[in-house]
file final15.txt (compact mmCIF, C-alpha atoms)
# COMPACT_ATOMS: atom_id res chain seq x y z
CA MET A 726 0.00 0.00 0.00
CA GLN A 727 1.21 3.49 -0.85
CA GLU A 728 1.96 5.97 1.94
CA LYS A 729 -0.02 9.18 2.12
CA LYS A 730 2.03 12.23 1.20
CA LYS A 731 2.49 14.80 3.93
CA PRO A 732 2.01 18.45 2.95
CA ASN A 733 5.10 20.60 2.48
CA PHE A 734 3.80 23.08 5.05
CA ASP A 735 1.68 23.25 8.21
CA ARG A 736 -1.97 23.38 7.16
CA THR A 737 -3.38 23.76 10.66
CA LYS A 738 -3.54 27.55 10.18
CA SER A 739 -5.38 27.49 6.86
CA THR A 740 -8.89 26.83 5.62
CA MET A 741 -9.97 25.58 2.21
CA LYS A 742 -12.65 27.70 0.54
CA ASN A 743 -14.55 26.83 -2.62
CA ILE A 744 -15.40 29.78 -4.82
CA ARG A 745 -16.97 30.11 -8.24
CA PHE A 746 -15.34 32.08 -11.07
CA GLU A 747 -16.90 33.20 -14.32
CA ASP A 748 -15.35 31.16 -17.14
CA GLU A 749 -13.80 34.17 -18.88
CA LEU A 750 -12.23 35.47 -15.66
CA LEU A 751 -10.89 32.02 -14.78
CA GLU A 752 -9.29 31.66 -18.21
CA GLN A 753 -7.59 35.05 -17.81
CA ILE A 754 -6.30 34.16 -14.33
CA GLU A 755 -4.99 30.76 -15.43
CA LYS A 756 -3.22 32.36 -18.39
CA ALA A 757 -1.63 35.02 -16.17
CA ALA A 758 -0.77 32.63 -13.33
CA GLY A 759 0.87 29.91 -15.38
CA LYS A 760 0.68 26.20 -14.75
CA GLY A 761 0.41 25.18 -11.11
CA ASN A 762 0.41 28.70 -9.66
CA PHE A 763 -3.32 29.43 -9.51
CA SER A 764 -3.67 29.34 -5.73
CA ARG A 765 -0.61 31.50 -5.15
CA TRP A 766 -1.77 33.99 -7.79
CA VAL A 767 -5.21 34.33 -6.18
CA LYS A 768 -3.70 34.74 -2.69
CA ASP A 769 -1.29 37.41 -3.96
CA ALA A 770 -4.16 39.23 -5.69
CA CYS A 771 -6.17 39.21 -2.46
CA LYS A 772 -3.19 40.55 -0.48
CA LEU A 773 -2.71 43.35 -3.02
CA TYR A 774 -6.39 44.23 -2.85
CA LEU A 775 -6.30 44.30 0.96
CA ALA A 776 -3.18 46.47 1.00
CA LYS A 777 -4.83 48.88 -1.44
CA SER A 778 -8.04 49.07 0.59
CA ASN A 779 -6.08 49.58 3.83
CA ASN A 780 -4.27 52.56 2.29
CA LYS A 781 -7.62 54.29 1.65
CA ASP A 782 -8.32 54.61 5.38
call {"tool": "encode", "arguments": {"input": "final15.txt", "output": "structure tokens"}}
result
Amino acid sequence: MQEKKKPNFDRTKSTMKNIRFEDELLEQIEKAAGKGNFSRWVKDACKLYLAKSNNKD
């Protein structure tokens, strides 16, 4: 029997969320993010948005 792979990082401080994207937006993100970088790209975009909104205060 094959062993289960352990994650490369501690996942106890994270939560998985399922979100829906419009097809056109998803295609644009995947093209910009490159193969295998979707999650990181979305997280970075969220951080940039938060930083921008925090600067408005």
call {"tool": "closest_residue", "arguments": {"input": "final15.txt", "among": "A:Lys729, A:Lys781, A:Gln753, A:Lys742", "to": "Lys768 (chain A)", "atoms": "all atoms listed in the file"}}
result
A:Lys742
call {"tool": "closest_residue", "arguments": {"input": "final15.txt", "among": "A:Asn779, A:Asn743, A:Thr737, A:Glu749", "to": "Ser764 (chain A)", "atoms": "all atoms listed in the file"}}
result
A:Asn743
call {"tool": "residues_around", "arguments": {"input": "final15.txt", "residues": "Val767 (chain A)", "least_positions_apart": "6", "cutoff": "10 Å", "atoms": "all atoms listed in the file", "output": "VMD selection string"}}
result
chain A and resid 754 to 755 758 773
call {"tool": "axis_aligned_box", "arguments": {"input": "final15.txt", "around": "region 752-762 of chain A", "padding_each_side": "5 Å", "output": "lines of an AutoDock Vina configuration file"}}
result
center_x = -4.2
center_y = 30.1
center_z = -14.0
size_x = 20.2
size_y = 19.9
size_z = 18.7
call {"tool": "atom_distance", "arguments": {"input": "final15.txt", "atom1": "CA of Lys738 (chain A)", "atom2": "CA of Asp769 (chain A)"}}
result
17.4 Å
call {"tool": "atom_distance", "arguments": {"input": "final15.txt", "atom1": "CA of Asp735 (chain A)", "atom2": "CA of Ala757 (chain A)"}}
result
27.3 Å
call {"tool": "atom_distance", "arguments": {"input": "final15.txt", "atom1": "CA of Leu751 (chain A)", "atom2": "CA of Phe763 (chain A)"}}
result
9.6 Å
